[in-house]
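Novice: Contents of protein21.txt (compact mmCIF, C-alpha atoms and all ligand atoms) are given next:
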```txt
# COMPACT_ATOMS: atom_id res chain seq x y z
CA MET A 1 94.33 103.54 59.89
CA THR A 2 92.43 104.54 63.01
CA SER A 3 94.61 105.43 65.96
CA ILE A 4 94.06 103.38 69.10
CA LYS A 5 95.61 106.11 71.18
CA LEU A 6 93.25 107.63 73.74
CA GLU A 7 93.24 111.39 73.98
CA TYR A 8 93.80 113.19 77.28
CA PRO A 9 91.81 113.31 79.56
CA GLN A 10 90.27 109.94 78.58
CA ASP A 11 93.58 108.17 78.99
CA PRO A 12 94.20 107.39 82.68
CA TYR A 13 97.92 106.73 82.05
CA GLY A 14 98.20 110.11 80.32
CA LEU A 15 96.41 111.71 83.27
CA ILE A 16 98.88 110.18 85.74
CA LEU A 17 101.80 111.27 83.55
CA GLU A 18 100.57 114.84 83.38
CA ARG A 19 99.58 115.23 87.05
CA LEU A 20 102.69 113.57 88.50
CA THR A 21 105.29 114.95 86.12
CA SER A 22 104.40 118.44 87.27
CA ILE A 23 105.29 117.39 90.84
CA VAL A 24 108.45 115.36 90.25
CA GLU A 25 109.89 116.69 86.99
CA ASP A 26 113.06 118.09 88.63
CA GLU A 27 114.14 114.74 90.00
CA LEU A 28 113.56 112.44 87.05
CA SER A 29 116.88 110.90 86.05
CA ASN A 30 115.82 108.38 83.39
CA THR A 31 115.54 110.95 80.66
CA ASP A 32 117.24 109.05 77.83
CA PRO A 33 114.42 108.47 75.38
CA VAL A 34 113.92 105.16 73.66
CA SER A 35 111.38 104.24 71.04
CA ILE A 36 109.25 101.35 72.31
CA THR A 37 107.84 99.56 69.31
CA THR A 38 106.58 96.47 71.11
CA MET A 39 105.17 97.13 74.56
CA CYS A 40 106.00 98.66 77.93
CA GLU A 41 107.50 95.88 80.05
CA PHE A 42 105.58 96.98 83.15
CA CYS A 43 102.05 97.99 82.14
CA LEU A 44 102.18 95.87 78.94
CA ARG A 45 100.53 98.60 76.87
CA PRO A 46 101.55 98.56 73.21
CA GLY A 47 103.97 101.35 72.30
CA GLU A 48 101.59 102.93 69.80
CA VAL A 49 99.17 104.03 72.56
CA PHE A 50 101.87 106.22 74.11
CA ASP A 51 103.54 107.38 70.88
CA ASN A 52 106.32 104.79 71.40
CA ASP A 53 107.77 107.29 73.84
CA GLY A 54 109.68 105.38 76.53
CA VAL A 55 112.82 105.27 78.67
CA ILE A 56 115.25 102.57 79.75
CA TRP A 57 115.24 101.80 83.45
CA VAL A 58 118.09 99.60 84.68
CA ASP A 59 117.08 97.50 87.68
CA SER A 60 119.25 96.11 90.48
CA TYR A 61 119.95 92.99 88.38
CA LYS A 62 121.40 95.29 85.65
CA TYR A 63 118.53 94.36 83.39
CA SER A 64 117.44 97.15 81.04
CA ASN A 65 113.66 97.52 81.25
CA HIS A 66 111.97 99.29 78.34
CA ILE A 67 109.12 101.14 79.98
CA CYS A 68 106.69 103.96 79.26
CA LYS A 69 107.09 107.31 80.96
CA THR A 70 104.08 106.71 83.21
CA CYS A 71 105.61 103.52 84.60
CA ASN A 72 108.95 105.29 84.96
CA LEU A 73 107.34 107.66 87.47
CA PHE A 74 106.90 104.65 89.76
CA SER A 75 110.51 103.48 89.28
CA GLU A 76 112.46 106.60 90.10
CA GLN A 77 113.65 107.63 93.55
CA LEU A 78 111.88 110.82 94.55
CA PRO A 79 113.75 112.15 97.61
CA ASN A 80 112.39 115.68 97.26
CA ALA A 81 108.77 114.80 96.62
CA LEU A 82 108.59 111.81 98.97
CA GLY A 83 111.58 112.00 101.33
CA ASN A 84 114.26 109.42 102.05
CA GLU A 85 113.54 105.80 102.83
CA ARG A 86 116.96 105.30 104.47
CA GLY A 87 120.20 107.28 104.30
CA SER A 88 120.19 109.08 100.99
CA ILE A 89 117.94 106.51 99.27
CA GLY A 90 114.77 108.26 98.20
CA TYR A 91 111.34 106.70 98.37
CA LYS A 92 109.79 105.56 95.10
CA LEU A 93 106.08 105.43 94.39
CA SER A 94 106.54 101.68 94.66
CA SER A 95 108.41 101.68 97.99
CA PHE A 96 105.28 101.27 100.09
CA LYS A 97 103.94 97.89 101.16
CA SER A 98 100.42 99.20 100.74
CA GLY A 99 98.83 102.48 99.91
CA PHE A 100 96.80 104.27 97.27
CA LEU A 101 97.54 106.96 94.74
CA ALA A 102 94.41 109.00 94.07
CA LEU A 103 93.89 111.72 91.46
CA PRO A 104 90.94 114.00 92.28
CA MET A 105 88.43 114.58 89.45
CA ASP A 106 89.17 118.27 89.89
CA ASN A 107 92.65 118.70 88.43
CA ALA A 108 93.19 121.80 90.55
CA MET A 109 93.18 119.63 93.71
CA PRO A 110 96.48 118.02 94.81
CA VAL A 111 97.26 114.40 94.00
CA GLU A 112 96.74 112.26 97.12
CA LEU A 113 98.91 109.55 98.55
CA TRP A 114 97.16 107.36 101.14
CA LEU A 115 99.68 105.67 103.41
CA GLY A 116 99.86 103.81 106.69
CA GLY A 117 101.18 105.28 109.91
CA LYS A 118 104.65 103.77 109.78
CA TYR A 119 105.62 105.80 106.71
CA LEU A 120 104.39 109.11 108.07
CA ASP A 121 107.49 109.75 110.21
CA ARG A 122 109.82 109.76 107.24
CA ILE A 123 107.72 110.85 104.30
CA ASN A 124 108.00 114.45 103.11
CA LEU A 125 104.64 115.99 103.97
CA LYS A 126 105.35 119.08 101.89
CA GLY A 127 106.75 117.52 98.72
CA GLY A 128 103.79 118.20 96.46
CA PHE A 129 101.59 115.18 97.21
CA LYS A 130 98.78 115.49 99.73
CA ILE A 131 99.59 112.73 102.23
CA ILE A 132 96.48 111.07 103.67
CA ASP A 133 97.02 109.10 106.88
CA ARG A 134 94.84 106.12 106.01
CA SER A 135 95.54 102.45 105.51
CA GLY A 136 93.95 99.03 105.84
CA ASN A 137 90.20 98.64 106.21
CA GLN A 138 89.67 102.25 107.25
CA ALA A 139 91.18 103.35 103.92
CA LYS A 140 88.86 100.94 102.10
CA TYR A 141 85.87 102.42 103.89
CA ASP A 142 86.91 105.99 103.10
CA LEU A 143 87.56 105.15 99.45
CA CYS A 144 84.06 103.67 99.21
CA GLU A 145 82.62 106.81 100.81
CA ARG A 146 84.42 108.92 98.21
CA ILE A 147 83.33 107.11 95.06
CA GLY A 148 82.91 109.78 92.37
CA GLU A 149 85.60 112.09 93.74
CA TYR A 150 88.59 110.60 91.91
CA SER A 151 89.37 110.05 88.24
CA VAL A 152 92.13 107.50 88.80
CA ILE A 153 92.93 105.38 91.85
CA THR A 154 95.58 102.75 91.98
CA GLU A 155 96.81 100.61 94.80
CA ILE A 156 100.54 101.20 95.26
CA SER A 157 102.69 98.30 96.42
CA LEU A 158 106.16 96.92 95.84
CA ARG A 159 104.96 95.20 92.63
CA ARG A 160 104.51 98.13 90.27
CA GLU A 161 104.70 95.89 87.21
CA MET A 162 101.45 94.32 88.44
CA PHE A 163 99.25 97.17 89.68
CA LEU A 164 100.24 99.35 86.68
CA ARG A 165 98.54 96.88 84.32
CA HIS A 166 95.01 97.52 85.49
CA ILE A 167 94.58 101.29 85.57
CA ARG A 168 91.17 102.51 84.44
CA LEU A 169 89.36 105.80 84.49
CA SER A 170 86.67 106.14 87.16
CA ASP A 171 83.42 108.05 86.74
CA SER A 172 80.93 109.78 89.03
CA ASN A 173 79.21 106.49 89.96
CA ASN A 174 82.07 104.00 89.91
CA THR A 175 85.59 103.85 91.20
CA TYR A 176 87.77 101.46 89.22
CA LEU A 177 90.54 100.59 91.64
CA SER A 178 93.66 99.16 90.08
CA THR A 179 95.25 96.40 92.15
CA GLU A 180 97.98 93.82 91.59
CA THR A 181 95.42 91.27 90.42
CA GLY A 182 92.95 93.37 88.45
CA SER A 183 90.58 96.30 88.45
CA ILE A 184 87.88 96.32 91.15
CA ARG A 185 84.68 98.19 90.30
CA LEU A 186 83.19 99.91 93.34
CA ASN A 187 79.71 101.25 92.63
CA LYS A 188 78.44 104.15 94.72
CA ALA A 189 74.76 103.07 94.94
CA GLU A 190 75.69 99.46 95.70
CA PHE A 191 77.99 100.51 98.52
CA GLN A 192 75.52 102.96 100.06
CA ALA A 193 72.71 100.35 99.92
CA LEU A 194 74.93 97.79 101.64
CA LYS A 195 76.09 100.26 104.27
CA ASN A 196 72.53 101.40 105.08
CA ALA A 197 71.34 97.80 105.25
CA PHE A 198 74.14 96.94 107.68
CA ILE A 199 73.35 99.98 109.81
CA SER A 200 69.71 98.85 109.99
CA GLU A 201 70.85 95.45 111.23
CA ASP A 202 72.21 97.19 114.33
CA PHE A 203 74.97 94.60 114.79
CA THR A 204 77.19 94.57 117.85
CA ASN A 205 80.86 94.68 116.90
CA LYS A 206 81.18 90.93 117.32
CA GLU A 207 78.07 90.27 115.21
CA LEU A 208 79.39 92.61 112.52
CA LEU A 209 82.76 90.86 112.33
CA ASP A 210 81.14 87.39 112.43
CA ALA A 211 78.67 88.36 109.70
CA VAL A 212 81.44 89.64 107.41
CA THR A 213 83.52 86.50 108.00
CA THR A 214 80.57 84.25 107.18
CA ILE A 215 79.55 86.22 104.08
CA ASN A 216 83.16 86.14 102.83
CA ALA A 217 83.33 82.38 103.38
CA TYR A 218 80.01 81.84 101.61
CA LYS A 219 80.72 84.16 98.66
CA THR A 220 84.19 82.70 98.06
CA GLY A 221 82.80 79.16 98.17
CA SER A 222 84.57 77.90 101.28
CA ILE A 223 81.22 77.15 102.93
CA GLY A 224 78.01 76.26 101.10
CA SER A 225 74.46 77.58 101.35
CA LEU A 226 73.45 74.63 103.56
CA HIS A 227 76.25 75.15 106.07
CA ALA A 228 74.93 75.93 109.56
CA ARG A 229 76.71 79.28 109.69
CA THR A 230 75.30 80.36 106.32
CA GLN A 231 71.80 79.22 107.29
CA GLU A 232 71.93 80.96 110.64
CA LEU A 233 73.25 84.25 109.26
CA PHE A 234 71.00 84.50 106.21
CA GLY A 235 68.07 83.47 108.40
CA ARG A 236 68.54 86.52 110.56
CA LEU A 237 69.54 89.11 107.91
CA SER A 238 66.79 91.43 106.71
CA GLN A 239 65.58 91.21 103.14
CA GLU A 240 67.15 94.65 102.54
CA THR A 241 70.58 93.29 103.48
CA ARG A 242 70.16 90.10 101.46
CA LEU A 243 69.16 92.16 98.41
CA ALA A 244 72.07 94.58 98.85
CA LEU A 245 74.48 91.65 99.10
CA GLY A 246 72.96 89.93 96.07
CA ASN A 247 73.23 93.07 93.93
CA ILE A 248 77.02 93.13 94.22
CA THR A 249 77.91 90.39 91.79
CA ASP A 250 81.68 90.86 91.66
CA PRO A 251 83.17 88.99 94.65
CA ALA A 252 86.28 91.23 94.72
CA SER A 253 84.06 94.30 94.94
CA LEU A 254 81.98 92.79 97.74
CA MET A 255 85.07 91.69 99.70
CA PHE A 256 86.52 95.18 99.44
CA MET A 257 83.29 96.83 100.64
CA LEU A 258 82.82 94.37 103.50
CA ALA A 259 86.41 94.92 104.66
CA GLY A 260 85.72 98.64 104.64
CA LEU A 261 82.48 98.25 106.59
CA LYS A 262 84.33 96.26 109.26
CA ALA A 263 86.28 99.42 110.03
CA GLY A 264 83.68 102.04 109.19
CA LEU A 265 80.78 100.60 111.18
CA LEU A 266 82.60 99.53 114.35
CA LYS A 267 80.90 100.96 117.38
CA GLU A 268 82.59 102.34 120.40
CA GLU A 269 82.62 99.54 122.95
CA VAL A 270 80.93 100.21 126.27
CA LYS A 271 83.38 99.13 128.94
ZN ZN A 301 104.05 101.32 81.19
```
Show me the file's structure as structure tokens.

Specialist:
Amino acid sequence: MTSIKLEYPQDPYGLILERLTSIVEDELSNTDPVSITTMCEFCLRPGEVFDNDGVIWVDSYKYSNHICKTCNLFSEQLPNALGNERGSIGYKLSSFKSGFLALPMDNAMPVELWLGGKYLDRINLKGGFKIIDRSGNQAKYDLCERIGEYSVITEISLRREMFLRHIRLSDSNNTYLSTETGSIRLNKAEFQALKNAFISEDFTNKELLDAVTTINAYKTGSIGSLHARTQELFGRLSQETRLALGNITDPASLMFMLAGLKAGLLKEEVK
């Protein structure tokens, strides 16, 4: 029988396990092993792809979750690596309302945690993760600018059992970003073409924001091609921009890039 197990470093879950365990090993408390013969209850991977090697994690409802060791890393409190959320309660990798965990292609570089400003007062900046002060659309822009630099990127949110289902390995041309609803493919050439086209348009800030709103509405089907706003916008966009937009066929990918460009291409207002 052929094994369906992926070998390191082709297995993104194995990569996360290896890179993060070296940071947080001392504070892992769920060390009672359990053989998982069906599937991990969080990432839903079948046990045979991780050698059936799991742990039991008891949640606040006293329910015993059978999970793989990669998912366990997102369930444990990590007061040393991440600091305390309140009192003596340590942050988990799923304590943050939004953020990204990013593993550089170069395994000698530190694992990055991208978080918004409100967490930066309490998070441990010297706990082994490289904390990047980025969130929202600016983070999206910077992630698009760094396509090719990371092997694994996942959104981190309170719903670990969702974002842990969609983890994929990225390559030098594409970032596969795991989110709660799926994996978004961000292609380097597509993003750069769209960015350069937008720069050539020389939008004012208001025009930029209006254009993104209209494109979003059109691409998600809330306004049609004959709507006045669609007609007006596509009538004024250059062919370069229309081509760049048309080349990005995945709506989730386009929405992500446009959100990033809203932050990345804002001009300093002349007062
Ligand atoms: Zn799992």

Novice: In Å to one decimal, how far is CA of Asn174 (chain A) from CA of Asp250 (chain A)?

Specialist: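 Distance reported for this atom pair: 13.3 Å.
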
Novice: Using all atoms listed in the file, find each protein or nucleic acid residue lying at most 6 Å from ligand ZN 301 (chain A); present the set as an MDAnalysis selection string.

Specialist: chainID A and resid 40 42:43 67:68 70:71

Novice: One decimal, Å: what's the distance from CA of Asn187 (chain A) over to CA of Gln231 (chain A), could you say?

Specialist: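 Taking CA of Asn187 (chain A) as the start and CA of Gln231 (chain A) as the end point, the length is 27.6 Å.
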
Novice: Counting all atoms listed in the file, which residues have an atom no more than 8 Å from (97.5, 100.9, 74.1) in the file's coordinates? Please list them as a PDB file with C-alpha atoms, in the frame of the given file.

Specialist:
```pdb
ATOM      1  CA  ILE A   4      94.060 103.380  69.100  1.00  0.00           C
ATOM      2  CA  LYS A   5      95.610 106.110  71.180  1.00  0.00           C
ATOM      3  CA  LEU A   6      93.250 107.630  73.740  1.00  0.00           C
ATOM      4  CA  ARG A  45     100.530  98.600  76.870  1.00  0.00           C
ATOM      5  CA  PRO A  46     101.550  98.560  73.210  1.00  0.00           C
ATOM      6  CA  GLY A  47     103.970 101.350  72.300  1.00  0.00           C
ATOM      7  CA  GLU A  48     101.590 102.930  69.800  1.00  0.00           C
ATOM      8  CA  VAL A  49      99.170 104.030  72.560  1.00  0.00           C
ATOM      9  CA  PHE A  50     101.870 106.220  74.110  1.00  0.00           C
TER      10      PHE A  50
END
```

Novice: Just how far from CA of Gly136 (chain A) is CA of Tyr91 (chain A), in Å to one decimal?

Specialist: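 Distance reported for this atom pair: 20.4 Å.
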
Novice: For region 144-150 of chain A, I'd like the enclosing box, axis-aligned and padded by 6 Å on every side, reported as AutoDock Vina command-line options with centre and edge lengths in Å to one decimal.

Specialist:
```
--center_x 85.6 --center_y 107.9 --center_z 96.4 --size_x 18.0 --size_y 20.4 --size_z 20.9
```

Novice: Using all atoms listed in the file for the distances, tell me which of A:Ala228, A:Asn65, A:Met39, A:Asn137 is nearest to Asp53 (chain A).

Specialist: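 Selected residue with least distance to Asp53 (chain A): A:Met39.
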
Novice: Using all atoms listed in the file, which residue out of A:Ala193, A:Leu103, A:Leu93, A:Lys140 lies closest to Ile156 (chain A)?

Specialist: A:Leu93

Novice: Hey, what's within 8 Å of Arg168 (chain A) if we count all atoms listed in the file and toss same-chain stuff fewer than 4 positions away? As a PDB file with C-alpha atoms, in the frame of the given file, please?

Specialist:
```pdb
ATOM      1  CA  PRO A  12      94.200 107.390  82.680  1.00  0.00           C
ATOM      2  CA  VAL A 152      92.130 107.500  88.800  1.00  0.00           C
ATOM      3  CA  TYR A 176      87.770 101.460  89.220  1.00  0.00           C
ATOM      4  CA  LEU A 177      90.540 100.590  91.640  1.00  0.00           C
ATOM      5  CA  SER A 178      93.660  99.160  90.080  1.00  0.00           C
ATOM      6  CA  SER A 183      90.580  96.300  88.450  1.00  0.00           C
TER       7      SER A 183
END
```

Novice: Could you list, as a PDB file with C-alpha atoms, in the frame of the given file, every residue within 10 Å of Leu28 (chain A), counting all atoms listed in the file and ignoring same-chain residues fewer than 5 positions away?

Specialist:
```pdb
ATOM      1  CA  THR A  21     105.290 114.950  86.120  1.00  0.00           C
ATOM      2  CA  ASN A  72     108.950 105.290  84.960  1.00  0.00           C
ATOM      3  CA  LEU A  73     107.340 107.660  87.470  1.00  0.00           C
ATOM      4  CA  SER A  75     110.510 103.480  89.280  1.00  0.00           C
ATOM      5  CA  GLU A  76     112.460 106.600  90.100  1.00  0.00           C
ATOM      6  CA  GLN A  77     113.650 107.630  93.550  1.00  0.00           C
ATOM      7  CA  LEU A  78     111.880 110.820  94.550  1.00  0.00           C
TER       8      LEU A  78
END
```

Novice: Which residues, written as a compact mmCIF listing (two decimals) with C-alpha atoms, keeping the file's coordinate frame, have at least one atom at most 8 Å from region 235-247 of chain A, with only C-alpha atoms counted and residues fewer than 2 positions away on the same chain left out?

Specialist:
```
# COMPACT_ATOMS: atom_id res chain seq x y z
CA GLU A 190 75.69 99.46 95.70
CA ALA A 193 72.71 100.35 99.92
CA LEU A 194 74.93 97.79 101.64
CA ALA A 197 71.34 97.80 105.25
CA PHE A 198 74.14 96.94 107.68
CA GLU A 201 70.85 95.45 111.23
CA GLN A 231 71.80 79.22 107.29
CA GLU A 232 71.93 80.96 110.64
CA LEU A 233 73.25 84.25 109.26
CA THR A 249 77.91 90.39 91.79
CA LEU A 254 81.98 92.79 97.74
```

Novice: Restricting the calculation to only C-alpha atoms, which member of A:Gly99, A:Ile153, A:Thr220, A:Asp121 is positioned closest to Gln138 (chain A)?

Specialist: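 Among the listed residues, the smallest separation from Gln138 (chain A) belongs to A:Gly99.
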
Novice: Measuring between only C-alpha atoms, which one of A:Lys97, A:Leu17, A:Phe203, A:Arg146 shows the shortest distance to Lys118 (chain A)?

Specialist: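 Going through A:Lys97, A:Leu17, A:Phe203, A:Arg146 one by one, the smallest distance to Lys118 (chain A) is for A:Lys97.
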
Novice: Kindly indicate which residue among A:Asp26, A:Glu41, A:Asp106, A:Glu112 lies nearest to Ser151 (chain A), using only C-alpha atoms for the distances.

Specialist: A:Asp106

Novice: Can you tell me, as a list in words, which residues sit within 12 Å of (80.6, 92.0, 116.4) in the file's frame, using all atoms listed in the file?

Specialist: Phe198, Glu201, Asp202, Phe203, Thr204, Asn205, Lys206, Glu207, Leu208, Leu209, Asp210, Ala211, Val212, Thr213, Leu261, Lys262, Ala263, Leu265, Leu266, Lys267, Glu268 and Glu269 of chain A

Novice: Between A:Gly117, A:Asn216, A:Ile184, A:Lys195, which residue has the minimum interatomic distance to Arg229 (chain A), considering all atoms listed in the file?

Specialist: A:Asn216

Novice: Need to verify the contact set: Met109 (chain A), 12 Å, only C-alpha atoms, exclusion of same-chain residues closer than 4 positions in sequence. Can you return it as a ChimeraX atom specification?

Specialist: /A:19,102-105,128-130,149-151

Novice: With only C-alpha atoms as the counted atoms, please give the residues lying no more than 7 Å from His66 (chain A), apart from itself and same-chain residues fewer than 2 positions off, as a list in words.

Specialist: Ile36, Cys40, Glu41, Gly54, Val55, Ile56, Trp57 and Ser64 of chain A
